[in-house]
$ cat start_37.cif   # mmCIF, C-alpha atoms
data_run
loop_
_atom_site.group_PDB
_atom_site.id
_atom_site.type_symbol
_atom_site.label_atom_id
_atom_site.label_comp_id
_atom_site.auth_asym_id
_atom_site.auth_seq_id
_atom_site.Cartn_x
_atom_site.Cartn_y
_atom_site.Cartn_z
ATOM 1 C CA MET A 22 17.570 70.589 74.839
ATOM 2 C CA ARG A 23 19.185 72.274 71.852
ATOM 3 C CA ARG A 24 17.769 74.465 69.126
ATOM 4 C CA ALA A 25 18.818 77.228 66.763
ATOM 5 C CA SER A 26 17.429 80.656 67.518
ATOM 6 C CA LYS A 27 16.167 83.166 64.967
ATOM 7 C CA ASN A 28 19.568 84.832 64.666
ATOM 8 C CA GLY A 29 21.355 81.522 64.051
ATOM 9 C CA SER A 30 22.990 81.162 67.450
ATOM 10 C CA THR A 31 22.519 78.014 69.493
ATOM 11 C CA GLU A 32 20.195 77.776 72.498
ATOM 12 C CA ALA A 33 20.584 75.029 75.068
ATOM 13 C CA GLU A 34 18.946 74.431 78.435
ATOM 14 C CA ARG A 35 18.842 71.779 81.083
ATOM 15 C CA SER A 36 17.582 71.212 84.614
ATOM 16 C CA VAL A 37 20.017 70.126 87.307
ATOM 17 C CA ARG A 38 19.522 69.393 91.020
ATOM 18 C CA LEU A 39 21.633 71.342 93.509
ATOM 19 C CA CYS A 40 22.866 68.719 95.970
ATOM 20 C CA ASN A 41 25.694 70.377 97.853
ATOM 21 C CA PRO A 42 24.738 70.826 101.541
ATOM 22 C CA TYR A 43 24.622 74.634 101.675
ATOM 23 C CA GLY A 44 23.115 75.306 98.264
ATOM 24 C CA LEU A 45 24.136 78.281 96.169
ATOM 25 C CA HIS A 46 26.170 80.510 98.505
ATOM 26 C CA ALA A 47 29.138 82.864 97.984
ATOM 27 C CA ARG A 48 31.808 80.272 97.104
ATOM 28 C CA THR A 49 29.578 78.141 94.908
ATOM 29 C CA SER A 50 28.147 81.238 93.182
ATOM 30 C CA ALA A 51 31.704 82.449 92.529
ATOM 31 C CA ALA A 52 32.655 79.079 91.044
ATOM 32 C CA LEU A 53 29.560 79.042 88.824
ATOM 33 C CA SER A 54 30.126 82.611 87.610
ATOM 34 C CA GLN A 55 33.788 81.845 86.828
ATOM 35 C CA VAL A 56 32.796 78.870 84.682
ATOM 36 C CA ALA A 57 30.042 80.859 82.938
ATOM 37 C CA GLY A 58 32.510 83.684 82.321
ATOM 38 C CA ARG A 59 34.782 81.413 80.280
ATOM 39 C CA PHE A 60 32.199 81.369 77.484
ATOM 40 C CA ARG A 61 30.841 83.964 75.089
ATOM 41 C CA ALA A 62 27.311 82.586 75.441
ATOM 42 C CA GLU A 63 24.741 84.404 77.531
ATOM 43 C CA VAL A 64 23.991 82.085 80.450
ATOM 44 C CA GLN A 65 21.005 82.404 82.764
ATOM 45 C CA VAL A 66 19.978 80.393 85.809
ATOM 46 C CA ALA A 67 16.496 80.124 87.308
ATOM 47 C CA VAL A 68 14.982 78.074 90.116
ATOM 48 C CA GLU A 69 12.644 75.431 88.748
ATOM 49 C CA SER A 70 11.732 73.995 92.174
ATOM 50 C CA TRP A 71 12.860 74.698 95.738
ATOM 51 C CA GLY A 72 14.758 72.357 98.018
ATOM 52 C CA GLU A 73 13.387 71.470 101.444
ATOM 53 C CA GLU A 74 14.856 74.568 103.099
ATOM 54 C CA GLY A 75 14.111 76.853 100.139
ATOM 55 C CA LYS A 76 12.083 80.023 99.849
ATOM 56 C CA SER A 77 8.343 79.910 99.950
ATOM 57 C CA GLY A 78 6.285 80.819 96.926
ATOM 58 C CA ALA A 79 6.329 79.593 93.380
ATOM 59 C CA PRO A 80 9.803 79.320 91.817
ATOM 60 C CA GLY A 81 8.424 81.002 88.728
ATOM 61 C CA ASP A 82 8.120 84.186 90.809
ATOM 62 C CA VAL A 83 11.934 84.486 90.671
ATOM 63 C CA GLU A 84 13.266 85.801 87.364
ATOM 64 C CA PRO A 85 16.214 84.057 85.685
ATOM 65 C CA VAL A 86 19.524 85.695 86.559
ATOM 66 C CA ASP A 87 22.837 86.244 84.778
ATOM 67 C CA ALA A 88 25.099 83.301 85.631
ATOM 68 C CA LYS A 89 28.172 85.517 85.198
ATOM 69 C CA SER A 90 27.129 87.656 88.196
ATOM 70 C CA ILE A 91 27.854 86.312 91.694
ATOM 71 C CA ILE A 92 25.414 88.762 93.286
ATOM 72 C CA SER A 93 22.629 87.800 90.880
ATOM 73 C CA LEU A 94 23.183 84.110 91.603
ATOM 74 C CA LEU A 95 22.995 84.750 95.351
ATOM 75 C CA THR A 96 19.594 86.425 94.948
ATOM 76 C CA LEU A 97 18.135 83.100 93.804
ATOM 77 C CA GLY A 98 18.333 81.739 97.354
ATOM 78 C CA ALA A 99 18.689 78.200 95.986
ATOM 79 C CA THR A 100 19.160 75.621 98.735
ATOM 80 C CA GLN A 101 20.159 71.974 98.739
ATOM 81 C CA GLY A 102 17.679 69.993 96.679
ATOM 82 C CA SER A 103 16.556 72.937 94.549
ATOM 83 C CA VAL A 104 16.315 72.238 90.828
ATOM 84 C CA LEU A 105 17.993 74.883 88.684
ATOM 85 C CA ARG A 106 17.176 75.564 85.045
ATOM 86 C CA VAL A 107 20.354 76.579 83.187
ATOM 87 C CA ARG A 108 19.912 78.236 79.779
ATOM 88 C CA ALA A 109 22.679 79.292 77.418
ATOM 89 C CA VAL A 110 22.425 81.209 74.133
ATOM 90 C CA GLY A 111 25.346 81.782 71.785
ATOM 91 C CA ASP A 112 27.889 80.094 69.575
ATOM 92 C CA ASP A 113 29.365 78.130 72.479
ATOM 93 C CA ALA A 114 26.088 77.561 74.346
ATOM 94 C CA LEU A 115 26.388 73.776 74.384
ATOM 95 C CA GLN A 116 29.899 73.875 75.816
ATOM 96 C CA ALA A 117 28.859 76.431 78.439
ATOM 97 C CA LEU A 118 25.860 74.346 79.465
ATOM 98 C CA GLU A 119 27.936 71.157 79.726
ATOM 99 C CA ALA A 120 30.588 72.862 81.862
ATOM 100 C CA ILE A 121 28.045 74.394 84.251
ATOM 101 C CA VAL A 122 26.027 71.202 84.648
ATOM 102 C CA GLU A 123 29.259 69.255 85.273
ATOM 103 C CA LEU A 124 30.281 71.796 87.941
ATOM 104 C CA ILE A 125 26.936 71.574 89.739
ATOM 105 C CA GLU A 126 26.738 67.779 89.539
ATOM 106 C CA SER A 127 30.301 67.491 90.881
ATOM 107 C CA GLY A 128 29.334 69.414 94.008
ATOM 108 C CA PHE A 129 31.261 72.456 92.746
ATOM 109 C CA ASN A 130 34.650 70.740 92.622
ATOM 110 C CA GLY A 131 35.651 71.636 96.172
ATOM 111 C CA ALA A 132 34.321 75.216 96.180
ATOM 112 C CA ASP A 133 32.146 74.038 99.053
ATOM 113 C CA ASP A 134 35.119 72.748 101.117
ATOM 114 C CA ASP A 135 33.668 73.592 104.546
ATOM 115 C CA SER A 136 30.537 71.578 103.851
ATOM 116 C CA THR A 137 32.090 68.576 102.152
ATOM 117 C CA ARG A 138 33.265 67.109 105.453
ATOM 118 C CA ASN A 139 29.671 66.126 106.228
ATOM 119 C CA ALA A 140 28.487 65.642 102.669
ATOM 120 C CA SER A 141 27.916 62.362 100.946
ATOM 121 C CA SER A 142 30.548 61.530 98.347
ATOM 122 C CA ALA A 143 27.900 60.143 96.018
ATOM 123 C CA PRO A 144 27.413 62.211 92.860
ATOM 124 C CA CYS A 145 24.316 64.345 92.641
ATOM 125 C CA VAL A 146 22.281 63.106 89.698
ATOM 126 C CA ASP A 147 18.522 62.888 89.274
#

$ encode --input "start_37.cif" --output "structure tokens"
Amino acid sequence: MRRASKNGSTEAERSVRLCNPYGLHARTSAALSQVAGRFRAEVQVAVESWGEEGKSGAPGDVEPVDAKSIISLLTLGATQGSVLRVRAVGDDALQALEAIVELIESGFNGADDDSTRNASSAPCVD
């Protein structure tokens, strides 16, 4: 989804399923925050739905967090199978969104090395 905001900057958002075996942990959060940090856009991540091993309660109870903060990303508690809503606002919002979705769909490009031994090599796409 793409739209212009009131101040003329671009807004973009998309849902993406988290398929890596251990979900959003320290290494994957670090990789995501590094990618988000390459862009000027403000990038937020929220949990749209929990994976099988996820937290209880409605995902909407968890506020969106700053994707440039490893600690904030860890507080989401997103597990394998969780659906994340990524939202970017700024001049380079579309590029930021594409890069983050590509990272997540790729299984974090090896940032999850310990878990990839037992993981399926099939791409994670809904």

$ atom_distance --input "start_37.cif" --atom1 "CA of Gly72 in chain A" --atom2 "CA of Ser54 in chain A"
21.2 Å

$ atom_distance --input "start_37.cif" --atom1 "CA of Ile91 in chain A" --atom2 "CA of Val56 in chain A"
11.4 Å

$ resolve_selection --input "start_37.cif" --expression "the PyMOL selection byres ((chain A and resi 65) around 6)" --output "list in words"
Val64, Val66, Pro85, Val86, Asp87, Ala88, Val107 and Arg108 of chain A

$ atom_distance --input "start_37.cif" --atom1 "CA of Gly131 in chain A" --atom2 "CA of Ile92 in chain A"
20.2 Å

$ closest_atom_pairs --input "start_37.cif" --of "range 75-126 of chain A" --to "range 28-48 of chain A" --cutoff "9 Å" --atoms "only C-alpha atoms" --output "JSON lines"
{"residue": "A:Ile91", "atom": "CA", "partner": "A:Ala47", "partner_atom": "CA", "distance": 7.3}
{"residue": "A:Ile92", "atom": "CA", "partner": "A:Ala47", "partner_atom": "CA", "distance": 8.4}
{"residue": "A:Leu94", "atom": "CA", "partner": "A:Leu45", "partner_atom": "CA", "distance": 7.5}
{"residue": "A:Leu95", "atom": "CA", "partner": "A:His46", "partner_atom": "CA", "distance": 6.2}
{"residue": "A:Leu97", "atom": "CA", "partner": "A:Leu45", "partner_atom": "CA", "distance": 8.1}
{"residue": "A:Gly98", "atom": "CA", "partner": "A:Leu45", "partner_atom": "CA", "distance": 6.9}
{"residue": "A:Ala99", "atom": "CA", "partner": "A:Leu45", "partner_atom": "CA", "distance": 5.5}
{"residue": "A:Thr100", "atom": "CA", "partner": "A:Gly44", "partner_atom": "CA", "distance": 4.0}
{"residue": "A:Gln101", "atom": "CA", "partner": "A:Gly44", "partner_atom": "CA", "distance": 4.5}
{"residue": "A:Gly102", "atom": "CA", "partner": "A:Leu39", "partner_atom": "CA", "distance": 5.2}
{"residue": "A:Ser103", "atom": "CA", "partner": "A:Leu39", "partner_atom": "CA", "distance": 5.4}
{"residue": "A:Val104", "atom": "CA", "partner": "A:Arg38", "partner_atom": "CA", "distance": 4.3}
{"residue": "A:Leu105", "atom": "CA", "partner": "A:Val37", "partner_atom": "CA", "distance": 5.3}
{"residue": "A:Arg106", "atom": "CA", "partner": "A:Ser36", "partner_atom": "CA", "distance": 4.4}
{"residue": "A:Val107", "atom": "CA", "partner": "A:Glu34", "partner_atom": "CA", "distance": 5.4}
{"residue": "A:Arg108", "atom": "CA", "partner": "A:Glu34", "partner_atom": "CA", "distance": 4.1}
{"residue": "A:Ala109", "atom": "CA", "partner": "A:Ala33", "partner_atom": "CA", "distance": 5.3}
{"residue": "A:Val110", "atom": "CA", "partner": "A:Glu32", "partner_atom": "CA", "distance": 4.4}
{"residue": "A:Gly111", "atom": "CA", "partner": "A:Ser30", "partner_atom": "CA", "distance": 5.0}
{"residue": "A:Asp112", "atom": "CA", "partner": "A:Ser30", "partner_atom": "CA", "distance": 5.4}
{"residue": "A:Asp113", "atom": "CA", "partner": "A:Thr31", "partner_atom": "CA", "distance": 7.5}
{"residue": "A:Ala114", "atom": "CA", "partner": "A:Thr31", "partner_atom": "CA", "distance": 6.0}
{"residue": "A:Leu115", "atom": "CA", "partner": "A:Ala33", "partner_atom": "CA", "distance": 6.0}
{"residue": "A:Leu118", "atom": "CA", "partner": "A:Ala33", "partner_atom": "CA", "distance": 6.9}
{"residue": "A:Val122", "atom": "CA", "partner": "A:Val37", "partner_atom": "CA", "distance": 6.7}
{"residue": "A:Ile125", "atom": "CA", "partner": "A:Leu39", "partner_atom": "CA", "distance": 6.5}
{"residue": "A:Glu126", "atom": "CA", "partner": "A:Leu39", "partner_atom": "CA", "distance": 7.4}

$ closest_residue --input "start_37.cif" --among "A:Thr96, A:Gln116, A:Asn130, A:Ser90" --to "Gln55 in chain A" --atoms "all atoms listed in the file"
A:Ser90

$ residues_around --input "start_37.cif" --residues "Phe129 in chain A" --least-positions-apart "4" --cutoff "8 Å" --atoms "only C-alpha atoms" --output "ChimeraX atom specification"
/A:41,49,52-53,124-125,133

$ write_last_selection --input "start_37.cif" --atoms "C-alpha atoms" --output "compact mmCIF listing (two decimals), in the coordinates of the input"
# COMPACT_ATOMS: atom_id res chain seq x y z
CA ASN A 41 25.69 70.38 97.85
CA THR A 49 29.58 78.14 94.91
CA ALA A 52 32.66 79.08 91.04
CA LEU A 53 29.56 79.04 88.82
CA LEU A 124 30.28 71.80 87.94
CA ILE A 125 26.94 71.57 89.74
CA ASP A 133 32.15 74.04 99.05
